[in-house]
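Contents: one structure, followed by commentary.
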Number of protein chains: 6
Amino acid sequence: MSGIVVQNIARADLAVIDGLALCGVATVHEAQGRKGLLASYMRPIYSGTRIGGSAVTISAPPGDNWMVHVAIEQLQAGDVLVLAPTSPCEDGYFGDLLATSAMARGCRGLVIDAGVRDVLDLTQMQFPVWSKAVFAQGTVKNTLGSVNVPVVCAGAAIEPGDVIVADDDGVCVVRRDDAQMVLDAARTRETNEADKREKLASGVLGLDMYNMRERLEREGLRYI
Amino acid sequence: MSGIVVQNIARADLAVIDGLALCGVATVHEAQGRKGLLASYMRPIYSGTRIGGSAVTISAPPGDNWMVHVAIEQLQAGDVLVLAPTSPCEDGYFGDLLATSAMARGCRGLVIDAGVRDVLDLTQMQFPVWSKAVFAQGTVKNTLGSVNVPVVCAGAAIEPGDVIVADDDGVCVVRRDDAQMVLDAARTRETNEADKREKLASGVLGLDMYNMRERLEREGLRYI
Amino acid sequence: MSGIVVQNIARADLAVIDGLALCGVATVHEAQGRKGLLASYMRPIYSGTRIGGSAVTISAPPGDNWMVHVAIEQLQAGDVLVLAPTSPCEDGYFGDLLATSAMARGCRGLVIDAGVRDVLDLTQMQFPVWSKAVFAQGTVKNTLGSVNVPVVCAGAAIEPGDVIVADDDGVCVVRRDDAQMVLDAARTRETNEADKREKLASGVLGLDMYNMRERLEREGLRYI
Amino acid sequence: MSGIVVQNIARADLAVIDGLALCGVATVHEAQGRKGLLASYMRPIYSGTRIGGSAVTISAPPGDNWMVHVAIEQLQAGDVLVLAPTSPCEDGYFGDLLATSAMARGCRGLVIDAGVRDVLDLTQMQFPVWSKAVFAQGTVKNTLGSVNVPVVCAGAAIEPGDVIVADDDGVCVVRRDDAQMVLDAARTRETNEADKREKLASGVLGLDMYNMRERLEREGLRYI
Amino acid sequence: MSGIVVQNIARADLAVIDGLALCGVATVHEAQGRKGLLASYMRPIYSGTRIGGSAVTISAPPGDNWMVHVAIEQLQAGDVLVLAPTSPCEDGYFGDLLATSAMARGCRGLVIDAGVRDVLDLTQMQFPVWSKAVFAQGTVKNTLGSVNVPVVCAGAAIEPGDVIVADDDGVCVVRRDDAQMVLDAARTRETNEADKREKLASGVLGLDMYNMRERLEREGLRYI
Amino acid sequence: MSGIVVQNIARADLAVIDGLALCGVATVHEAQGRKGLLASYMRPIYSGTRIGGSAVTISAPPGDNWMVHVAIEQLQAGDVLVLAPTSPCEDGYFGDLLATSAMARGCRGLVIDAGVRDVLDLTQMQFPVWSKAVFAQGTVKNTLGSVNVPVVCAGAAIEPGDVIVADDDGVCVVRRDDAQMVLDAARTRETNEADKREKLASGVLGLDMYNMRERLEREGLRYI
């Protein structure tokens, strides 16, 4: 059932995607009811970046990056490549040449449940990657996979066209149809947080601000 | 046996704590006889920081940060929060709002055998954290734990009021009653090290400086 | 069979070693037929460095760095220390004093399948280390190991005098006798890559540049 | 978006499910095009068992097994419980009391991306479990999750009513709608395999039986 | 601060210890308020054994089992050896000769946060071991550690003379002074569990037996 | 440099190999100076087996078992297959069909730094395997590797024709040329051990039997 490339995928509105990126992973994750987070081993190759984009997904065999070349043709400006190997693999599927090609098509970054290489070059090019490993071990181009099929990447189910948000806290996926609703919820959270931050900075305790004392006492907390 | 908050804990002298922080983790660890080190997976969220402080400990259920709010009320200037979950957990118990509140009370940092989030904000606020993971997954506030009880954090037994030293090499705990003695030993080591460093930089070999050649020969070392 | 120090090891030509360092780990690894890479858990303590050198190898017992002192005497300018423990260990075998001594003899860095400490000092001294862990736990000096014997370090077999190349992508070993040949192949790759990079940046697809379309179709790739 | 129990889920035909169980995980996984396998860390608590069943899924908070009680009410004869925590957790969500209750409703086993306990009792009761860990650490009953919603369990996306096959090789999920088709393909494979096994046992080489020699030569294999 | 052997340690009453062993790890852990459990990676070398005993603790350097010989002299009938290395280590500190010696003194088993070897012999001798690893790599006898000092073993703080309970679910420590109280609580739990087991086996649901339905509804659980 | 099959490899004498197998991994490893052990994660799929054999080595790409078919033709009675993937991989390279074929040629077992499947069948056939994982995920047959070249398997360097010894304690490799010498040393150890075991069983302490007391005192051990 491999060997499929889905060409016309629906994407969320770019303004919504950019709004989600501005909110950041932690806020978006909370705003959609604490779901969609990729595993904590997915780390950025350099810090300080925050991106959003539409997922162009790749299901690839272990140690074989042939499908990455196929996927790049499917990229539109504002997309993010999402690669899930069909079995656990740390090989370096992606380096500076592929990044050059992806950037030429407007790709905003890569999320890969495997390895990446040429990380110094990628940092200098400012092409962000969230990966399971940094590993110089290259790959072959011998076996088909698929592009724009549903994948499970680092423990999260991702559909092509879903919104990917990634920053120093990790990576989160938002269902395409939920994007506007999640953005609204995220912005509401942000407004509330600014207010709370000010109070907490002034010395107000969370215990008071959130009215926790009574419930703590009811549950039996004892001060000694 | 959860649900306890110990309010008045003894702390070491701040001048002693600051002295230990200046010596750094590796020196302090050696100076107290190679004990008290937390596991190597405890890494700082940004590099270049060296702190010391008195431990305010938190024993928290997996995925529940209710007790962090309770612990913040117990903080004094010069304290460090130390959180140990009651079973292994990578959730992000702590983010920028809690850091704002902790900083308002003079807290110097967090040591957490679990996850942390909002790491870009925390870096910009210069609130240092040593953690097992960076993970945007938030927590609930449903189940009691305890504050200022003995905990095992990343393999080290920590009592409330013990001295925590943390830098790029990791985290070390010093028993409160040993703090002055360990500081003295650490400073002696530092003096010796400066002298040794100079000799080694000039080309003197450790083999000669430490008089190792005879013992190596006795043990049977052969040069071929 | 421990307790041996081999004193006169052959080394590759320094010009060749420096050439390999310039090419970097990913290119060198490809150029020699995808072999010689150390495991992906070997990470640099700071980023942005690229080194080459001749391996002076150390086989050391767990938690015992006595042989590091012995090995430093064997160093020549342009060498890289390579330490493999005889059983898995994360202890900090190496810190700023040993680095001072090694630098005094022209050592270019350390590759260690174990722990390192004093990483802030090492960063400031610009002494690069690729290690399995950062860990302040020190070691004893009680049990013999060997220097300049064949070792397996992080999954790669390394002979004394082999060429070590290390950068942000990891660490690769090149057999001493293959060094010139691998350098030639690596430079050829680099020339080709510059050309390819330009084409890809201009928007040419890898699918076309590498003539992949026909073979993909033959293998059964379907666009839907 | 937690706190949901879907009560009426569709299931595959029990005869088909039992047929898949007889084929075993490795054959079923091949027969459906190498997909649907859970991660290799999912191991049985005792060996020699082979089961099939319809997935009743549980999405549970870390360290909270409240939803297991809710899920048991939804069980029918021939079902398998599938539990995925919302963040990584090794706690023992399930022991002999819950197994007693589940068996009373005809449940055939448990697949849990977390911990299990009372494993000696479960073995004596012959209630099979595939888990990430064995861990006596119990759980609380404080926070809602959901029952019979889509989950990602050990890296595989599972819908309620999907067919679970599990044996000593691990766990595989088959989409409910594909069950009959996969069973047909699996049985075809089995017939072929019996034939091949006989030939190989008699000394015929795979190289000849699969006609590999010509293709190996074409790819450049050299015998020396 | 190494190099200490504490000779006269207090122990709990053997009848109480045996009572705790009969209850098993999961029940004892619950009965004492969900604390004292060692990490889930501590696994028995063979299944089906359930032991209790008084801890004779060993703090040992990595790869050095000298102190095991010292500890064996301190053993009394009914004791369990508990070994914690001073830094993470998987070496095989213990094999059939040491087990022979320990059994001659009435030792009931070994709990070791490191490796063990000769596991087939140990199984035939019926000397139970809970360990982090099985590893044939032996150790040296060159560096002092301590016997009967407080240790942290697999994440749990253990004092000499504390009660160790171990079975197929893992290992739990009970403070010596709490032993009788925990035994009473554990037995109460067991009585309750027998009753519950019968009800559940007859088809009564936990939802009803524990009166959960009202609280679930109040928390917002929706059936759809 | 892949794509090579070395056909005529030298092997050690079968009587010597069988002698080493009888001694077992722990004894052989000690007898050759504590080297040659594979990593502790290499575990047998069933317990109670002890084998020896000549290594027929396979270097295979991740997720591709084509070379296993090639290697089977090179097997002689008394050989052991040793597979090392060129990058980390847990796929199930080997199952009951390949085992049938290997057994038909007198193969004694498989050592694989990757995954294996059909483990229930392999257990019933009594074909022993030491592996990193059990995983039903199959492989393709698309990319060349090599047979009978030097490999690093689970951290140990193995040459074709080296002697493999494997049992419940793990796997050890003995250089072909050292086999007789190691066997002699191993048998001497065994004789000594029988004598020691008897003494220890009678209650003699290791402290006395090995004359450790004086050296312990000299090193500063204090009894308190």
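Following the order of the structure tokens, chains are lettered A, B, ..., residues in each are numbered from 1, and ligands are numbered from 1.
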### Task
May I have the residues within 12 Å of Arg50 (chain E) as an MDAnalysis selection string, using only C-alpha atoms and disregarding those fewer than 3 positions away in the same chain?
(chainID D and resid 118 120) or (chainID E and resid 17:26 44 46:47 53 108:109 126:130 164:172)
### Members of region 136-171 of chain A assigned strand (DSSP E) by DSSP, as a ChimeraX atom specification
/A:146-147,151-153,156-158,163-167,170-171
Keeping only all heavy atoms, write those residues as an mmCIF file, in the first residue's frame.
data_model
loop_
_atom_site.group_PDB
_atom_site.id
_atom_site.type_symbol
_atom_site.label_atom_id
_atom_site.label_comp_id
_atom_site.auth_asym_id
_atom_site.auth_seq_id
_atom_site.Cartn_x
_atom_site.Cartn_y
_atom_site.Cartn_z
ATOM 1 N N SER A 146 5.371 6.815 0.613
ATOM 2 C CA SER A 146 4.235 7.595 0.117
ATOM 3 C C SER A 146 4.347 9.049 0.558
ATOM 4 O O SER A 146 5.057 9.363 1.515
ATOM 5 C CB SER A 146 2.919 7.010 0.623
ATOM 6 O OG SER A 146 2.657 5.764 0.001
ATOM 7 N N VAL A 147 3.639 9.925 -0.163
ATOM 8 C CA VAL A 147 3.624 11.350 0.146
ATOM 9 C C VAL A 147 2.174 11.801 0.325
ATOM 10 O O VAL A 147 1.300 11.409 -0.456
ATOM 11 C CB VAL A 147 4.308 12.169 -0.967
ATOM 12 C CG1 VAL A 147 4.119 13.671 -0.743
ATOM 13 C CG2 VAL A 147 5.789 11.833 -1.029
ATOM 14 N N VAL A 151 0.105 9.890 8.648
ATOM 15 C CA VAL A 151 1.250 9.248 9.320
ATOM 16 C C VAL A 151 1.098 9.417 10.821
ATOM 17 O O VAL A 151 0.357 10.265 11.305
ATOM 18 C CB VAL A 151 2.598 9.874 8.875
ATOM 19 C CG1 VAL A 151 2.874 9.603 7.393
ATOM 20 C CG2 VAL A 151 2.651 11.366 9.185
ATOM 21 N N VAL A 152 1.846 8.570 11.558
ATOM 22 C CA VAL A 152 2.058 8.809 12.979
ATOM 23 C C VAL A 152 3.508 9.233 13.127
ATOM 24 O O VAL A 152 4.415 8.480 12.791
ATOM 25 C CB VAL A 152 1.766 7.565 13.836
ATOM 26 C CG1 VAL A 152 2.175 7.812 15.288
ATOM 27 C CG2 VAL A 152 0.292 7.198 13.777
ATOM 28 N N CYS A 153 3.723 10.462 13.577
ATOM 29 C CA CYS A 153 5.072 11.024 13.684
ATOM 30 C C CYS A 153 5.358 11.347 15.154
ATOM 31 O O CYS A 153 4.682 12.191 15.747
ATOM 32 C CB CYS A 153 5.168 12.293 12.832
ATOM 33 S SG CYS A 153 6.815 13.029 12.837
ATOM 34 N N ALA A 156 2.269 11.264 17.343
ATOM 35 C CA ALA A 156 1.085 12.052 16.997
ATOM 36 C C ALA A 156 0.582 11.670 15.603
ATOM 37 O O ALA A 156 1.371 11.547 14.668
ATOM 38 C CB ALA A 156 1.408 13.543 17.037
ATOM 39 N N ALA A 157 -0.728 11.513 15.474
ATOM 40 C CA ALA A 157 -1.333 11.244 14.166
ATOM 41 C C ALA A 157 -1.430 12.551 13.383
ATOM 42 O O ALA A 157 -1.983 13.535 13.885
ATOM 43 C CB ALA A 157 -2.707 10.623 14.353
ATOM 44 N N ILE A 158 -0.863 12.569 12.175
ATOM 45 C CA ILE A 158 -0.848 13.788 11.359
ATOM 46 C C ILE A 158 -1.426 13.495 9.975
ATOM 47 O O ILE A 158 -1.019 12.546 9.313
ATOM 48 C CB ILE A 158 0.592 14.346 11.231
ATOM 49 C CG1 ILE A 158 1.160 14.655 12.629
ATOM 50 C CG2 ILE A 158 0.635 15.592 10.338
ATOM 51 C CD1 ILE A 158 2.577 15.215 12.622
ATOM 52 N N VAL A 163 -2.158 21.627 10.432
ATOM 53 C CA VAL A 163 -1.250 22.731 10.758
ATOM 54 C C VAL A 163 -0.205 22.253 11.769
ATOM 55 O O VAL A 163 -0.549 21.663 12.795
ATOM 56 C CB VAL A 163 -2.024 23.928 11.347
ATOM 57 C CG1 VAL A 163 -1.061 25.075 11.656
ATOM 58 C CG2 VAL A 163 -3.100 24.385 10.365
ATOM 59 N N ILE A 164 1.046 22.538 11.441
ATOM 60 C CA ILE A 164 2.164 22.219 12.319
ATOM 61 C C ILE A 164 2.634 23.511 12.978
ATOM 62 O O ILE A 164 2.880 24.508 12.301
ATOM 63 C CB ILE A 164 3.334 21.617 11.512
ATOM 64 C CG1 ILE A 164 2.899 20.343 10.778
ATOM 65 C CG2 ILE A 164 4.549 21.359 12.404
ATOM 66 C CD1 ILE A 164 2.501 19.211 11.683
ATOM 67 N N VAL A 165 2.763 23.501 14.295
ATOM 68 C CA VAL A 165 3.361 24.621 15.023
ATOM 69 C C VAL A 165 4.573 24.075 15.758
ATOM 70 O O VAL A 165 4.488 23.006 16.384
ATOM 71 C CB VAL A 165 2.367 25.243 16.025
ATOM 72 C CG1 VAL A 165 2.977 26.447 16.730
ATOM 73 C CG2 VAL A 165 1.076 25.633 15.320
ATOM 74 N N ALA A 166 5.712 24.769 15.663
ATOM 75 C CA ALA A 166 6.931 24.254 16.288
ATOM 76 C C ALA A 166 7.755 25.417 16.826
ATOM 77 O O ALA A 166 7.869 26.461 16.182
ATOM 78 C CB ALA A 166 7.751 23.446 15.274
ATOM 79 N N ASP A 167 8.289 25.187 18.034
ATOM 80 C CA ASP A 167 9.208 26.173 18.610
ATOM 81 C C ASP A 167 10.128 25.461 19.600
ATOM 82 O O ASP A 167 10.276 24.229 19.517
ATOM 83 C CB ASP A 167 8.444 27.342 19.255
ATOM 84 C CG ASP A 167 7.535 26.922 20.403
ATOM 85 O OD1 ASP A 167 7.747 25.837 20.985
ATOM 86 O OD2 ASP A 167 6.608 27.689 20.722
ATOM 87 N N GLY A 170 8.878 22.320 21.438
ATOM 88 C CA GLY A 170 8.560 21.097 20.720
ATOM 89 C C GLY A 170 7.676 21.342 19.514
ATOM 90 O O GLY A 170 7.731 22.415 18.893
ATOM 91 N N VAL A 171 6.856 20.364 19.181
ATOM 92 C CA VAL A 171 6.033 20.409 17.971
ATOM 93 C C VAL A 171 4.613 19.975 18.312
ATOM 94 O O VAL A 171 4.421 19.016 19.054
ATOM 95 C CB VAL A 171 6.595 19.464 16.878
ATOM 96 C CG1 VAL A 171 5.805 19.608 15.582
ATOM 97 C CG2 VAL A 171 8.075 19.708 16.644
#
### Long-range neighbours of Ser87 (chain B) as a ChimeraX atom specification, 9 Å cut-off, only C-alpha atoms, 2 positions minimum in chain
/B:60-62,84-85,89 /D:63,89-91,137 /E:39
### Message
Give me, as a PyMOL selection string, all polymer residues having an atom no more than 12 Å from Glu198 (chain A), counting only C-alpha atoms and skipping those fewer than 4 positions away in the same chain.
### Response
(chain A and resi 191-194+202-206+209) or (chain B and resi 96-98+100-101+104)
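You will find CA of Lys141 (chain B) at 15.9 Å from CA of Gly115 (chain B).
Selected on chain E by distance to chain F: Gly3, Ile4, Val5, Val6, Gln7, His69, Val70, Ile72, Glu73, Glu90, Leu97, Thr100, Ser101, Met103, Ala104, Arg105, Arg117, Asp118, Val119, Leu120, Ala133, Val134, Phe135, Ala136, Gln137, Gly138 and Leu144 of chain E (within 8 Å, counting only C-alpha atoms).
Relative to CA of Val56 (chain C), CA of Asn8 (chain C) is found at 10.6 Å.
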If you run DSSP on the backbone, which residues of region 47-191 of chain A are alpha helix (DSSP H), as a tab-separated table (two decimals) with N, CA and C atoms, in the first residue's frame?
chain	number	residue	atom	x	y	z
A	66	TRP	N	14.24	8.52	-0.69
A	66	TRP	CA	13.78	8.76	-2.06
A	66	TRP	C	12.52	9.64	-2.08
A	67	MET	N	11.62	9.35	-1.15
A	67	MET	CA	10.33	10.06	-1.15
A	67	MET	C	10.47	11.55	-0.80
A	68	VAL	N	11.57	11.92	-0.15
A	68	VAL	CA	11.75	13.35	0.14
A	68	VAL	C	11.83	14.15	-1.16
A	69	HIS	N	12.53	13.59	-2.14
A	69	HIS	CA	12.61	14.27	-3.44
A	69	HIS	C	11.22	14.39	-4.07
A	70	VAL	N	10.44	13.34	-3.93
A	70	VAL	CA	9.08	13.36	-4.48
A	70	VAL	C	8.22	14.40	-3.75
A	71	ALA	N	8.41	14.48	-2.44
A	71	ALA	CA	7.58	15.39	-1.64
A	71	ALA	C	7.89	16.85	-1.94
A	72	ILE	N	9.14	17.14	-2.23
A	72	ILE	CA	9.51	18.55	-2.45
A	72	ILE	C	8.73	19.15	-3.61
A	73	GLU	N	8.45	18.33	-4.61
A	73	GLU	CA	7.65	18.83	-5.74
A	73	GLU	C	6.25	19.23	-5.31
A	96	ASP	N	21.85	19.76	3.64
A	96	ASP	CA	21.77	21.12	3.10
A	96	ASP	C	21.26	21.17	1.66
A	97	LEU	N	21.53	20.14	0.84
A	97	LEU	CA	21.04	20.19	-0.55
A	97	LEU	C	19.52	20.12	-0.58
A	98	LEU	N	18.95	19.20	0.16
A	98	LEU	CA	17.50	19.11	0.19
A	98	LEU	C	16.88	20.37	0.80
A	99	ALA	N	17.55	20.94	1.78
A	99	ALA	CA	17.04	22.18	2.38
A	99	ALA	C	17.04	23.32	1.35
A	100	THR	N	18.10	23.37	0.56
A	100	THR	CA	18.17	24.40	-0.49
A	100	THR	C	16.98	24.27	-1.44
A	101	SER	N	16.70	23.01	-1.81
A	101	SER	CA	15.60	22.77	-2.74
A	101	SER	C	14.25	23.09	-2.10
A	102	ALA	N	14.09	22.70	-0.84
A	102	ALA	CA	12.82	22.96	-0.15
A	102	ALA	C	12.60	24.46	0.05
A	103	MET	N	13.67	25.18	0.41
A	103	MET	CA	13.54	26.62	0.60
A	103	MET	C	13.18	27.32	-0.70
A	104	ALA	N	13.70	26.80	-1.81
A	104	ALA	CA	13.39	27.40	-3.10
A	104	ALA	C	11.89	27.33	-3.40
A	119	VAL	N	23.92	20.06	10.01
A	119	VAL	CA	23.16	20.97	10.88
A	119	VAL	C	23.81	22.34	11.00
A	120	LEU	N	25.12	22.42	10.83
A	120	LEU	CA	25.75	23.74	10.86
A	120	LEU	C	25.31	24.56	9.64
A	121	ASP	N	25.32	23.91	8.48
A	121	ASP	CA	24.83	24.58	7.26
A	121	ASP	C	23.36	24.99	7.41
A	122	LEU	N	22.55	24.08	7.91
A	122	LEU	CA	21.12	24.37	8.05
A	122	LEU	C	20.90	25.55	9.01
A	123	THR	N	21.73	25.61	10.03
A	123	THR	CA	21.62	26.73	10.97
A	123	THR	C	21.99	28.04	10.26
A	124	GLN	N	23.05	28.00	9.48
A	124	GLN	CA	23.46	29.22	8.78
A	124	GLN	C	22.44	29.64	7.72
A	125	MET	N	21.79	28.65	7.10
A	125	MET	CA	20.74	28.95	6.13
A	125	MET	C	19.44	29.37	6.82
A	179	ALA	N	-8.39	24.72	12.94
A	179	ALA	CA	-7.34	25.74	13.05
A	179	ALA	C	-7.90	27.08	13.53
A	180	GLN	N	-8.98	27.55	12.92
A	180	GLN	CA	-9.54	28.85	13.31
A	180	GLN	C	-10.03	28.83	14.76
A	181	MET	N	-10.71	27.75	15.10
A	181	MET	CA	-11.26	27.63	16.46
A	181	MET	C	-10.13	27.60	17.50
A	182	VAL	N	-9.09	26.86	17.20
A	182	VAL	CA	-7.96	26.78	18.13
A	182	VAL	C	-7.26	28.13	18.24
A	183	LEU	N	-7.15	28.82	17.11
A	183	LEU	CA	-6.51	30.15	17.16
A	183	LEU	C	-7.30	31.08	18.07
A	184	ASP	N	-8.62	31.05	17.94
A	184	ASP	CA	-9.43	31.91	18.79
A	184	ASP	C	-9.20	31.58	20.27
A	185	ALA	N	-9.22	30.30	20.57
A	185	ALA	CA	-9.02	29.89	21.96
A	185	ALA	C	-7.63	30.26	22.45
A	186	ALA	N	-6.64	30.14	21.57
A	186	ALA	CA	-5.26	30.45	21.96
A	186	ALA	C	-5.11	31.92	22.27
A	187	ARG	N	-5.74	32.76	21.43
A	187	ARG	CA	-5.64	34.20	21.66
A	187	ARG	C	-6.33	34.60	22.96
A	188	THR	N	-7.44	33.96	23.26
A	188	THR	CA	-8.11	34.23	24.53
A	188	THR	C	-7.18	33.89	25.69
A	189	ARG	N	-6.55	32.75	25.60
A	189	ARG	CA	-5.59	32.37	26.64
A	189	ARG	C	-4.49	33.41	26.79
A	190	GLU	N	-3.98	33.87	25.66
A	190	GLU	CA	-2.87	34.83	25.72
A	190	GLU	C	-3.26	36.11	26.43
A	191	THR	N	-4.46	36.58	26.14
A	191	THR	CA	-4.94	37.79	26.81
A	191	THR	C	-4.99	37.57	28.31
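Here CA of Asp162 (chain E) stands at a distance of 7.4 Å from CA of Ala12 (chain E).
Look at Val140 (chain E): the protein and nucleic acid residues within 9 Å of it, using only C-alpha atoms and passing over chain neighbours fewer than 3 places away, are Thr143 of chain C; Gly63, Asp64, Asn65, Trp66, Tyr93 and Thr143 of chain E.
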If you keep N, CA and C atoms, can you produce a file of those selected residues as an mmCIF file, in the first residue's frame?
data_model
loop_
_atom_site.group_PDB
_atom_site.id
_atom_site.type_symbol
_atom_site.label_atom_id
_atom_site.label_comp_id
_atom_site.auth_asym_id
_atom_site.auth_seq_id
_atom_site.Cartn_x
_atom_site.Cartn_y
_atom_site.Cartn_z
ATOM 1 N N THR C 143 43.185 1.457 38.422
ATOM 2 C CA THR C 143 43.241 0.237 37.616
ATOM 3 C C THR C 143 43.826 0.546 36.239
ATOM 4 N N GLY E 63 32.003 -0.694 38.497
ATOM 5 C CA GLY E 63 32.883 -1.768 38.047
ATOM 6 C C GLY E 63 33.787 -2.338 39.118
ATOM 7 N N ASP E 64 33.408 -2.256 40.374
ATOM 8 C CA ASP E 64 34.272 -2.729 41.467
ATOM 9 C C ASP E 64 33.398 -3.391 42.535
ATOM 10 N N ASN E 65 33.580 -4.702 42.726
ATOM 11 C CA ASN E 65 32.700 -5.420 43.661
ATOM 12 C C ASN E 65 33.405 -5.818 44.965
ATOM 13 N N TRP E 66 34.490 -5.117 45.273
ATOM 14 C CA TRP E 66 35.241 -5.461 46.484
ATOM 15 C C TRP E 66 34.324 -5.453 47.715
ATOM 16 N N TYR E 93 28.360 -7.389 38.822
ATOM 17 C CA TYR E 93 29.045 -7.389 40.122
ATOM 18 C C TYR E 93 28.940 -8.732 40.833
ATOM 19 N N THR E 143 38.913 -0.532 44.716
ATOM 20 C CA THR E 143 38.551 0.740 45.332
ATOM 21 C C THR E 143 37.505 0.514 46.423
#
